[in-house]
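Participant: This is data-v4.cif, which holds mmCIF, C-alpha atoms and all ligand atoms:
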data_model
#
loop_
_atom_site.label_atom_id
_atom_site.label_comp_id
_atom_site.auth_asym_id
_atom_site.auth_seq_id
_atom_site.Cartn_x
_atom_site.Cartn_y
_atom_site.Cartn_z
CA MET P 15 70.66 104.75 117.35
CA LEU P 16 71.09 108.33 116.04
CA GLU P 17 68.55 110.77 114.74
CA GLY P 18 69.06 114.11 113.04
CA LYS P 19 70.01 115.74 109.81
CA VAL P 20 71.69 112.89 107.97
CA PHE P 21 73.64 113.24 104.74
CA TYR P 22 72.05 110.40 102.80
CA ARG P 23 72.24 109.65 99.08
CA GLY P 24 73.51 113.10 98.18
CA ASN P 25 71.14 115.18 100.35
CA PHE P 26 70.35 116.10 103.91
CA VAL P 27 67.29 114.27 105.24
CA GLU P 28 65.71 114.25 108.69
CA ALA P 29 66.14 110.60 109.57
CA GLY P 30 67.19 108.04 112.11
CA ILE P 31 69.96 105.50 111.69
CA GLU P 32 69.72 102.01 113.14
CA VAL P 33 72.95 100.14 113.69
CA GLU P 34 73.59 96.52 114.52
CA ASP P 35 77.03 95.04 115.18
CA GLY P 36 78.70 98.14 113.79
CA ILE P 37 76.80 97.99 110.51
CA ILE P 38 74.04 100.34 109.31
CA LYS P 39 70.78 98.39 109.41
CA ARG P 40 68.18 100.99 108.47
CA VAL P 41 68.04 104.68 107.57
CA GLY P 42 64.69 106.39 107.48
CA LYS P 43 62.16 108.86 108.82
CA LEU P 44 60.52 106.24 111.03
CA VAL P 45 63.76 105.10 112.65
CA LYS P 46 64.17 106.58 116.13
CA GLY P 47 67.37 107.31 118.01
CA LYS P 48 69.38 109.74 120.13
CA LYS P 49 68.82 113.23 118.70
CA VAL P 50 71.98 115.05 117.70
CA ASP P 51 72.59 118.75 117.18
CA GLY P 52 74.11 119.44 113.83
CA VAL P 53 74.65 117.31 110.75
CA ILE P 54 75.57 113.65 110.52
CA LEU P 55 78.10 113.09 107.74
CA PRO P 56 80.00 109.96 106.78
CA ALA P 57 83.32 109.98 108.65
CA GLY P 58 86.17 110.94 106.33
CA ILE P 59 88.90 108.88 104.73
CA ASP P 60 92.34 110.43 104.39
CA VAL P 61 94.23 108.52 101.69
CA HIS P 62 97.51 110.32 102.23
CA VAL P 63 99.11 110.54 105.68
CA HIS P 64 102.67 110.13 106.93
CA PHE P 65 102.42 108.80 110.48
CA ARG P 66 106.24 108.38 110.79
CA ASP P 67 106.77 106.22 113.91
CA PHE P 68 109.65 103.66 113.66
CA ASN P 69 112.82 105.81 113.88
CA GLU P 70 110.96 109.13 113.69
CA LYS P 71 108.82 108.89 116.80
CA HIS P 72 109.92 112.35 117.88
CA LYS P 73 107.55 113.96 115.35
CA GLU P 74 104.64 111.54 115.03
CA THR P 75 103.60 108.00 115.81
CA ILE P 76 100.75 105.89 114.55
CA GLU P 77 99.18 106.52 117.95
CA THR P 78 99.38 110.32 117.89
CA GLY P 79 98.68 110.65 114.16
CA SER P 80 95.60 108.47 114.38
CA LEU P 81 94.31 110.32 117.47
CA SER P 82 94.69 113.50 115.45
CA ALA P 83 92.74 111.86 112.60
CA LEU P 84 89.93 110.83 114.97
CA HIS P 85 89.59 114.39 116.28
CA GLY P 86 89.34 115.56 112.69
CA GLY P 87 86.40 113.26 111.87
CA ILE P 88 88.50 110.76 109.91
CA CYS P 89 87.74 107.04 110.35
CA LEU P 90 90.29 105.49 107.97
CA VAL P 91 93.75 106.52 106.82
CA VAL P 92 96.21 105.36 104.18
CA ASP P 93 99.70 105.69 105.59
CA GLN P 94 102.64 106.24 103.24
CA PRO P 95 105.73 104.04 103.08
CA ASN P 96 108.56 106.61 103.12
CA THR P 97 109.23 105.83 106.77
CA MET P 98 112.58 105.09 108.42
CA PRO P 99 113.11 102.26 107.67
CA ARG P 100 111.02 102.28 104.50
CA VAL P 101 108.10 99.92 104.00
CA ASP P 102 109.67 98.12 101.07
CA SER P 103 109.37 94.47 102.16
CA GLU P 104 106.67 92.23 103.58
CA GLU P 105 108.55 92.01 106.91
CA ILE P 106 108.47 95.76 107.49
CA TYR P 107 104.90 95.95 106.21
CA PHE P 108 103.75 93.33 108.71
CA LEU P 109 105.70 94.95 111.54
CA ARG P 110 103.99 98.28 110.90
CA MET P 111 100.54 96.71 110.66
CA GLU P 112 101.11 95.03 114.00
CA ILE P 113 101.91 98.39 115.60
CA ALA P 114 98.79 99.88 114.00
CA GLU P 115 96.63 97.00 115.24
CA LYS P 116 97.64 97.89 118.81
CA LYS P 117 97.92 101.65 118.61
CA SER P 118 95.61 103.11 115.99
CA TYR P 119 92.52 105.09 116.97
CA VAL P 120 91.12 104.89 113.45
CA ASP P 121 91.09 102.19 110.81
CA TYR P 122 94.45 101.88 109.21
CA SER P 123 95.86 100.82 105.87
CA LEU P 124 99.30 101.16 104.41
CA ASN P 125 100.86 101.58 100.99
CA LEU P 126 103.94 99.62 99.95
CA ALA P 127 107.09 101.35 98.72
CA LEU P 128 108.42 100.77 95.23
CA THR P 129 112.04 101.66 94.57
CA ASN P 130 114.51 100.66 91.92
CA LYS P 131 115.83 98.21 94.53
CA ASN P 132 112.71 96.19 95.32
CA ALA P 133 111.14 96.41 91.85
CA GLU P 134 112.40 92.95 90.87
CA ARG P 135 110.63 91.33 93.83
CA ILE P 136 107.55 93.56 93.92
CA GLY P 137 105.14 90.90 92.67
CA GLU P 138 106.15 88.49 95.37
CA ILE P 139 105.96 91.15 98.09
CA VAL P 140 102.50 92.25 96.95
CA ARG P 141 101.30 88.64 96.91
CA ARG P 142 102.43 87.97 100.48
CA ILE P 143 100.92 91.18 101.81
CA SER P 144 97.65 90.63 99.98
CA GLU P 145 97.19 87.25 101.62
CA ARG P 146 96.63 89.11 104.88
CA TYR P 147 95.82 92.72 104.22
CA HIS P 148 94.08 95.03 101.81
CA LEU P 149 96.92 96.83 100.03
CA PRO P 150 95.50 100.17 98.82
CA SER P 151 98.34 100.96 96.41
CA ILE P 152 102.05 100.99 95.78
CA GLY P 153 103.79 104.33 96.45
CA GLU P 154 103.81 107.29 96.76
CA VAL P 155 106.67 106.70 94.38
CA PHE P 156 109.26 109.41 93.88
CA LEU P 157 110.20 109.95 90.23
CA GLU P 158 113.87 110.27 89.33
CA HIS P 159 114.47 111.35 92.90
CA GLU P 160 117.95 112.61 93.68
CA SER P 161 118.31 110.08 96.49
CA GLU P 162 119.10 106.57 95.23
CA GLU P 163 117.05 105.20 98.11
CA LEU P 164 113.78 106.73 96.95
CA LYS P 165 114.44 106.88 93.26
CA ILE P 166 112.19 105.34 90.64
CA SER P 167 113.08 105.69 87.02
CA TYR P 168 110.27 105.99 84.50
CA GLU P 169 111.64 102.76 83.06
CA THR P 170 111.13 100.83 86.31
CA LEU P 171 107.73 102.41 86.64
CA SER P 172 106.63 101.30 83.20
CA LYS P 173 107.58 97.70 84.02
CA VAL P 174 105.11 97.48 86.89
CA ALA P 175 102.53 100.18 86.20
CA ASN P 176 100.09 98.10 84.23
CA THR P 177 99.89 95.43 86.89
CA TRP P 178 99.22 97.37 90.12
CA LYS P 179 97.66 100.52 91.36
CA ILE P 180 100.46 102.99 91.85
CA SER P 181 100.37 106.30 93.70
CA VAL P 182 102.77 108.78 92.18
CA HIS P 183 104.42 111.80 93.72
CA ALA P 184 104.36 113.62 90.40
CA GLU P 185 107.35 115.91 90.53
CA ASP P 186 110.17 115.08 88.17
CA ALA P 187 113.23 115.35 90.42
CA THR P 188 115.56 116.10 87.52
CA LEU P 189 113.64 119.36 87.09
CA VAL P 190 113.70 120.23 90.77
CA LYS P 191 116.36 122.47 92.25
CA ARG P 192 116.93 122.51 95.98
CA GLY P 193 116.70 125.58 98.13
CA SER P 194 114.51 127.38 100.61
CA PRO P 195 111.86 128.73 100.37
CA ASN P 196 111.27 125.82 98.04
CA PHE P 197 108.55 127.52 95.98
CA LEU P 198 111.37 129.45 94.28
CA TYR P 199 113.09 126.23 93.22
CA ARG P 200 110.44 123.61 92.56
CA THR P 201 108.62 124.83 89.49
CA LYS P 202 105.18 123.94 88.22
CA GLU P 203 106.99 122.48 85.22
CA ALA P 204 108.34 119.62 87.38
CA GLU P 205 104.77 118.54 88.16
CA ILE P 206 103.39 119.08 84.67
CA VAL P 207 106.19 117.12 82.98
CA ALA P 208 105.95 114.24 85.47
CA VAL P 209 102.18 113.92 85.06
CA LYS P 210 102.48 114.03 81.27
CA ARG P 211 105.15 111.33 81.19
CA CYS P 212 103.23 109.13 83.61
CA LEU P 213 100.04 109.40 81.56
CA GLU P 214 101.98 108.16 78.55
CA ILE P 215 102.97 105.08 80.58
CA SER P 216 99.73 104.03 82.26
CA ASN P 217 96.94 104.99 84.68
CA PHE P 218 97.95 106.09 88.14
CA HIS P 219 96.72 107.67 91.31
CA PHE P 220 98.37 111.10 91.35
CA CYS P 221 99.16 112.41 94.81
CA HIS P 222 98.70 116.07 95.75
CA LEU P 223 98.30 117.77 92.35
CA SER P 224 98.91 121.50 92.73
CA THR P 225 98.53 122.97 89.25
CA ARG P 226 95.61 123.67 86.97
CA GLU P 227 97.56 122.15 84.06
CA ALA P 228 98.03 118.83 85.85
CA VAL P 229 94.41 118.67 87.03
CA GLU P 230 93.17 119.35 83.50
CA MET P 231 95.37 116.58 82.11
CA VAL P 232 94.17 114.02 84.65
CA GLU P 233 90.52 114.93 85.26
CA ASN P 234 89.13 113.22 82.19
CA SER P 235 91.62 110.36 82.10
CA ALA P 236 91.29 106.93 83.68
CA SER P 237 93.71 108.02 86.42
CA SER P 238 92.61 109.32 89.80
CA PHE P 239 94.10 112.22 91.72
CA GLU P 240 94.01 114.07 94.99
CA VAL P 241 94.43 117.72 95.96
CA THR P 242 95.48 118.86 99.43
CA PRO P 243 93.87 121.52 101.64
CA HIS P 244 97.10 123.55 101.57
CA HIS P 245 97.18 123.80 97.78
CA LEU P 246 93.56 124.96 97.87
CA LEU P 247 93.80 127.38 100.78
CA LEU P 248 97.39 128.61 101.02
CA SER P 249 99.74 130.21 98.51
CA ILE P 250 103.20 131.72 98.37
CA GLU P 251 101.65 134.87 99.82
CA ASP P 252 101.42 132.99 103.10
CA TYR P 253 105.22 133.03 103.25
CA LYS P 254 104.69 136.28 105.18
CA THR P 255 103.20 134.42 108.11
CA LEU P 256 104.61 130.91 107.63
CA GLY P 257 108.25 132.03 107.21
CA ASP P 258 110.56 129.07 107.83
CA PHE P 259 107.56 126.76 107.96
CA VAL P 260 106.54 127.39 104.35
CA ASN P 261 108.19 124.37 102.70
CA VAL P 262 106.02 121.57 101.41
CA ASN P 263 106.31 119.33 98.34
CA PRO P 264 104.92 120.12 95.87
CA PRO P 265 105.43 123.73 97.00
CA LEU P 266 102.77 126.33 97.58
CA ARG P 267 101.88 128.07 94.32
CA ASP P 268 100.67 131.53 93.34
CA LYS P 269 97.44 132.78 94.84
CA SER P 270 95.73 132.56 91.45
CA ASP P 271 96.55 128.82 91.24
CA ALA P 272 95.04 128.12 94.66
CA GLU P 273 91.98 130.19 93.78
CA TRP P 274 91.51 128.25 90.55
CA LEU P 275 91.68 124.94 92.42
CA LEU P 276 89.14 126.07 95.01
CA ARG P 277 86.78 127.42 92.35
CA ASN P 278 87.03 124.05 90.65
CA PHE P 279 86.64 121.99 93.81
CA HIS P 280 83.86 120.01 92.12
CA LYS P 281 86.41 118.66 89.60
CA ILE P 282 88.71 117.25 92.25
CA ARG P 283 88.48 113.50 92.71
CA ILE P 284 89.83 113.22 96.25
CA LEU P 285 90.67 115.64 99.06
CA ALA P 286 93.66 114.27 101.01
CA SER P 287 95.80 115.98 103.62
CA ASP P 288 99.33 114.71 102.87
CA HIS P 289 99.70 115.00 106.66
CA ALA P 290 103.50 115.27 106.82
CA PRO P 291 104.54 116.33 110.32
CA HIS P 292 108.03 117.60 111.13
CA SER P 293 109.19 119.14 114.39
CA GLU P 294 109.56 122.91 114.63
CA GLU P 295 113.37 122.55 114.68
CA GLU P 296 113.27 120.46 111.50
CA LYS P 297 111.01 122.96 109.77
CA LYS P 298 113.45 125.75 110.60
CA MET P 299 116.12 123.66 108.88
CA GLY P 300 114.01 123.59 105.71
CA LYS P 301 112.16 120.23 105.88
CA SER P 302 109.09 120.00 103.67
CA GLY P 303 105.67 118.97 104.88
CA PHE P 304 102.55 120.21 106.68
CA PRO P 305 100.42 118.41 109.25
CA GLY P 306 96.75 118.38 108.23
CA VAL P 307 94.81 115.22 109.03
CA GLU P 308 92.94 116.84 111.93
CA THR P 309 92.11 120.17 110.30
CA MET P 310 91.03 119.01 106.82
CA TYR P 311 87.41 117.98 107.40
CA PRO P 312 86.76 120.79 109.95
CA ILE P 313 88.03 123.55 107.65
CA PHE P 314 86.05 122.24 104.69
CA VAL P 315 82.87 121.80 106.71
CA ARG P 316 83.25 125.48 107.58
CA LEU P 317 83.67 126.32 103.86
CA ALA P 318 80.60 124.24 103.03
CA LYS P 319 78.59 126.06 105.69
CA LEU P 320 79.69 129.35 104.12
CA GLY P 321 78.51 128.05 100.74
CA LEU P 322 81.97 128.22 99.12
CA ILE P 323 81.71 124.53 98.30
CA SER P 324 78.74 122.18 98.53
CA PHE P 325 78.31 119.50 101.20
CA LYS P 326 77.69 117.06 98.36
CA ASP P 327 81.08 117.79 96.82
CA LEU P 328 82.79 117.69 100.19
CA VAL P 329 81.37 114.29 101.13
CA GLU P 330 82.18 112.94 97.69
CA LYS P 331 85.82 114.07 97.82
CA ILE P 332 86.51 113.17 101.45
CA ALA P 333 84.60 109.90 101.81
CA VAL P 334 82.78 108.49 98.78
CA ASN P 335 85.56 108.73 96.18
CA PRO P 336 88.43 107.63 98.44
CA ALA P 337 86.47 104.46 99.22
CA LYS P 338 85.76 103.82 95.55
CA VAL P 339 89.24 104.58 94.24
CA PHE P 340 91.05 102.43 96.82
CA GLY P 341 88.48 99.66 97.15
CA PHE P 342 87.48 100.23 100.77
CA ASN P 343 84.30 98.18 100.89
CA GLY P 344 81.76 99.35 103.44
CA TYR P 345 83.26 102.83 103.84
CA GLY P 346 82.44 106.22 102.39
CA GLU P 347 78.64 106.50 102.47
CA ILE P 348 75.90 106.36 105.04
CA GLU P 349 74.09 103.45 103.46
CA VAL P 350 72.46 100.23 104.65
CA GLY P 351 75.08 97.49 104.89
CA ASN P 352 77.99 99.91 105.29
CA LEU P 353 80.04 100.39 108.44
CA ALA P 354 78.48 102.83 110.90
CA ASN P 355 81.22 105.45 110.60
CA PHE P 356 79.86 108.96 111.15
CA ALA P 357 81.14 112.39 112.07
CA VAL P 358 78.69 114.81 113.67
CA PHE P 359 79.32 118.52 113.10
CA ASP P 360 77.39 121.19 114.98
CA LEU P 361 77.43 123.93 112.35
CA LYS P 362 76.91 126.63 115.01
CA LYS P 363 80.22 125.79 116.67
CA VAL P 364 82.79 127.73 114.68
CA GLU P 365 86.21 127.70 116.33
CA LYS P 366 89.61 129.15 115.60
CA ILE P 367 92.29 126.54 114.97
CA GLY P 368 95.15 126.58 117.46
CA ALA P 369 98.09 124.16 117.40
CA LYS P 370 97.82 123.78 121.18
CA ASP P 371 94.39 122.12 120.76
CA LEU P 372 95.48 119.62 118.11
CA HIS P 373 96.72 116.08 118.73
CA SER P 374 99.63 115.65 116.34
CA LYS P 375 102.98 115.36 118.03
CA CYS P 376 104.57 117.96 115.78
CA GLY P 377 103.07 120.84 117.75
CA TRP P 378 102.33 123.34 114.98
CA THR P 379 99.87 123.91 112.15
CA PRO P 380 99.94 126.06 109.00
CA TYR P 381 96.27 126.90 109.73
CA GLU P 382 96.76 128.75 113.03
CA GLY P 383 93.75 131.06 113.48
CA PHE P 384 91.71 129.59 110.59
CA GLU P 385 88.03 129.10 111.31
CA ALA P 386 86.84 125.52 111.45
CA ILE P 387 84.00 123.34 112.68
CA PHE P 388 85.37 120.33 114.51
CA PRO P 389 83.25 117.20 114.97
CA THR P 390 81.45 116.88 118.29
CA GLN P 391 81.05 113.11 117.93
CA VAL P 392 82.80 110.52 115.78
CA TYR P 393 81.37 107.02 115.44
CA ILE P 394 83.52 104.12 114.36
CA ARG P 395 81.54 100.96 113.64
CA GLY P 396 78.70 102.39 115.71
CA GLU P 397 80.71 103.35 118.79
CA GLU P 398 81.26 106.96 119.74
CA ALA P 399 85.05 107.22 119.99
CA LEU P 400 85.74 110.92 120.46
CA GLU P 401 84.39 111.62 123.93
CA ASN P 402 86.66 109.20 125.74
CA ASN P 403 89.33 108.79 123.07
CA LEU P 404 88.40 105.16 122.48
CA ARG P 405 90.96 103.22 120.50
CA LEU P 406 88.80 101.42 117.97
CA GLY P 407 91.08 101.36 114.95
CA LYS P 408 91.56 98.14 112.99
CA THR P 409 93.83 97.18 110.17
CA LEU P 410 92.06 96.34 106.95
CA SER P 411 91.77 92.70 105.97
CA ASN P 412 92.40 91.58 102.41
CA LEU P 413 88.76 92.28 101.58
CA GLY P 414 89.21 96.01 101.98
CA SER P 415 87.00 96.13 105.03
CA ARG P 416 86.84 94.73 108.51
CA GLU P 417 84.31 91.92 108.54
O1 LIG P 501 106.06 117.91 101.74
C1 LIG P 501 106.08 116.70 101.69
N1 LIG P 501 106.49 115.97 102.75
N2 LIG P 501 105.70 116.08 100.58
C2 LIG P 501 105.85 114.76 100.41
O2 LIG P 501 105.45 114.26 99.40
C3 LIG P 501 106.50 113.93 101.45
C4 LIG P 501 106.32 114.56 102.75
C5 LIG P 501 107.10 113.94 103.87
O3 LIG P 501 107.14 112.71 103.99
O4 LIG P 501 107.63 114.69 104.70
ZN ZN P 502 103.15 112.51 100.95
#
Would you mind writing the file's structure down as structure tokens?

Facilitator:
Amino acid sequence: MLEGKVFYRGNFVEAGIEVEDGIIKRVGKLVKGKKVDGVILPAGIDVHVHFRDFNEKHKETIETGSLSALHGGICLVVDQPNTMPRVDSEEIYFLRMEIAEKKSYVDYSLNLALTNKNAERIGEIVRRISERYHLPSIGEVFLEHESEELKISYETLSKVANTWKISVHAEDATLVKRGSPNFLYRTKEAEIVAVKRCLEISNFHFCHLSTREAVEMVENSASSFEVTPHHLLLSIEDYKTLGDFVNVNPPLRDKSDAEWLLRNFHKIRILASDHAPHSEEEKKMGKSGFPGVETMYPIFVRLAKLGLISFKDLVEKIAVNPAKVFGFNGYGEIEVGNLANFAVFDLKKVEKIGAKDLHSKCGWTPYEGFEAIFPTQVYIRGEEALENNLRLGKTLSNLGSRE
């Protein structure tokens, strides 16, 4: 069906890909297909997005967030449960999955919230959800958060941590002071202490690690972790241009921290955007969060073309490892038997990012003017979705893939 420079088993090979019923049937030099300009990479998986919707439709919906994902070469997202209302029961979980089934442009999965309030019932809620859907993990959980609604004590966490996969927002809220710009108030210590305490409790998936110290604690442990594009590419020096828009949790760090993370990109387990859209008015009032699901793959393809990172590392962090860590069968690699999910990037087409060209409802980006290579085609289960904005997204069944 497609022919070109395919990223296959860790290398680029000139090959064709044959697809049948959305599944990769054959990959090889003798397979013929439509020739494409550029490279054929596995479509990405973003394991950390906040698609809002429900009572926050003014800044993002599953529809707009997933369209943004599609245009960024992402074929599967993991949405986070800190919505309004929160996804802390099976009823709300099912309601959200039904919206996604109708509205999502890319495959969709959803984490379940864990709070001090639903901890008693969590086993029952997980059981009911898992009868229908693949539940990637519980969380992101907010440690000792100042708001009772979001708060998890380490004690509650230790009661459930050995039973389920839990995604942790590793900032200890008792060590966090509030204020803007938030990088002056939310210290590295808050992250380092939270990670250390969590590792004493169990294995976790650590969301958006932003410090060398935390990465070094987790990298050789049985826990997994993600790093965001903004902690790799931006720093407090960008306050000059970002101004009121600078706040994100965990906050931007010193330039030397970001540079260390980028130099050590090979050590990172997962690249995830933490796509957290807020309106421009909300940002001016100090809200934390950056959109990023659409710009992540394109910016990093550009960096790979420049040789700052390798394509092998990029594909591993954005597709292979997310599938492995969260049990998404059939995703992550261009391989016989897997879903035919590809993103085609023409490496000659370098563009400057502009918020006006992006699809998120929030209307701004922290990467205005950054160079990027956007996908020219995105295939979901063998169908090219980008050209006509086809809505091919599915929710994930309890097997972790769509049979
Ligand atoms: O900056 C952030 N915004 N970090 C988070 O962990 C949550 C997110 C949000 O939901 O806005
Ligand atoms: Zn988040």

Participant: Within 7 Å of stretch 93-109 of chain P, counting all atoms listed in the file, which residues qualify if same-chain residues fewer than 6 places away don't, as a ChimeraX atom specification?

Facilitator: /P:62-66,68-70,123-128,132,139,142-143,153-154

Participant: Residues within 6 Å of ligand LIG 501 (chain P) (only C-alpha atoms and all ligand atoms), as a list in words?

Facilitator: His64, Val262, Asn263, Ala290, Ser302 and Gly303 of chain P

Participant: Distance atom CA of P:Glu185-atom CA of P:Val209, one decimal place?

Facilitator: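 Between atom CA of P:Glu185 and atom CA of P:Val209 the gap works out to 7.8 Å.
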
Participant: For a quick check of understanding, using all atoms listed in the file, which of P:His222, P:His159, P:Arg192, P:Lys366 has the smallest distance to ligand ZN 502 (chain P)?

Facilitator: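 Between P:His222, P:His159, P:Arg192, P:Lys366, the residue approaching ligand ZN 502 (chain P) most closely is P:His222.
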
Participant: Please list, as number ranges by chain, the residues that have an atom at most 8 Å away from (107.7, 127.5, 105.9) in the coordinates of this file, counting only C-alpha atoms.

Facilitator: P: 195, 253, 256-262, 297-298, 300, 302

Participant: Here is a test: counting only C-alpha atoms, which residue of P:Asp51, P:Glu401, P:Glu233, P:Glu32 is nearest to P:Asp360?

Facilitator: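 For P:Asp360, the nearest of the candidates is P:Asp51.
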
Participant: Place a sphere of radius 12 Å on (88.9, 126.6, 93.5) in the file coordinates and name every protein, DNA or RNA residue with an atom inside or on its surface, counting only C-alpha atoms; give the answer as a PyMOL selection string.

Facilitator: chain P and resi 224-226+229+241-248+269-282+317+322-323

Participant: Quick one: of P:Ala286, P:Val329, P:Ile37, P:Ala337, who's nearest to ligand ZN 502 (chain P), counting all atoms listed in the file?

Facilitator: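 Result for the nearest residue to ligand ZN 502 (chain P): P:Ala286.
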
Participant: Have a look at P:Phe220, P:Phe384, P:Phe325, P:Phe340 and name the one nearest to ligand ZN 502 (chain P); count only C-alpha atoms and all ligand atoms.

Facilitator: P:Phe220

Participant: Which residue, P:Leu198, P:Val350, P:Ala204, P:Val155, has the smallest gap to ligand ZN 502 (chain P) when you use all atoms listed in the file?

Facilitator: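 Closest to ligand ZN 502 (chain P), using all atoms listed in the file: P:Val155.
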
Participant: Could you state the separation of atom CA of P:Lys301 and atom CA of P:Gly193 in Å, given to one decimal place?

Facilitator: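 That distance, rounded to one decimal, is 10.5 Å.
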
Participant: Nearest to ligand ZN 502 (chain P) among P:Ala29, P:Ile348, P:Leu157, P:Val182, with distances taken over all atoms listed in the file: which residue is it?

Facilitator: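 Counting all atoms listed in the file, the residue closest to ligand ZN 502 (chain P) is P:Val182.
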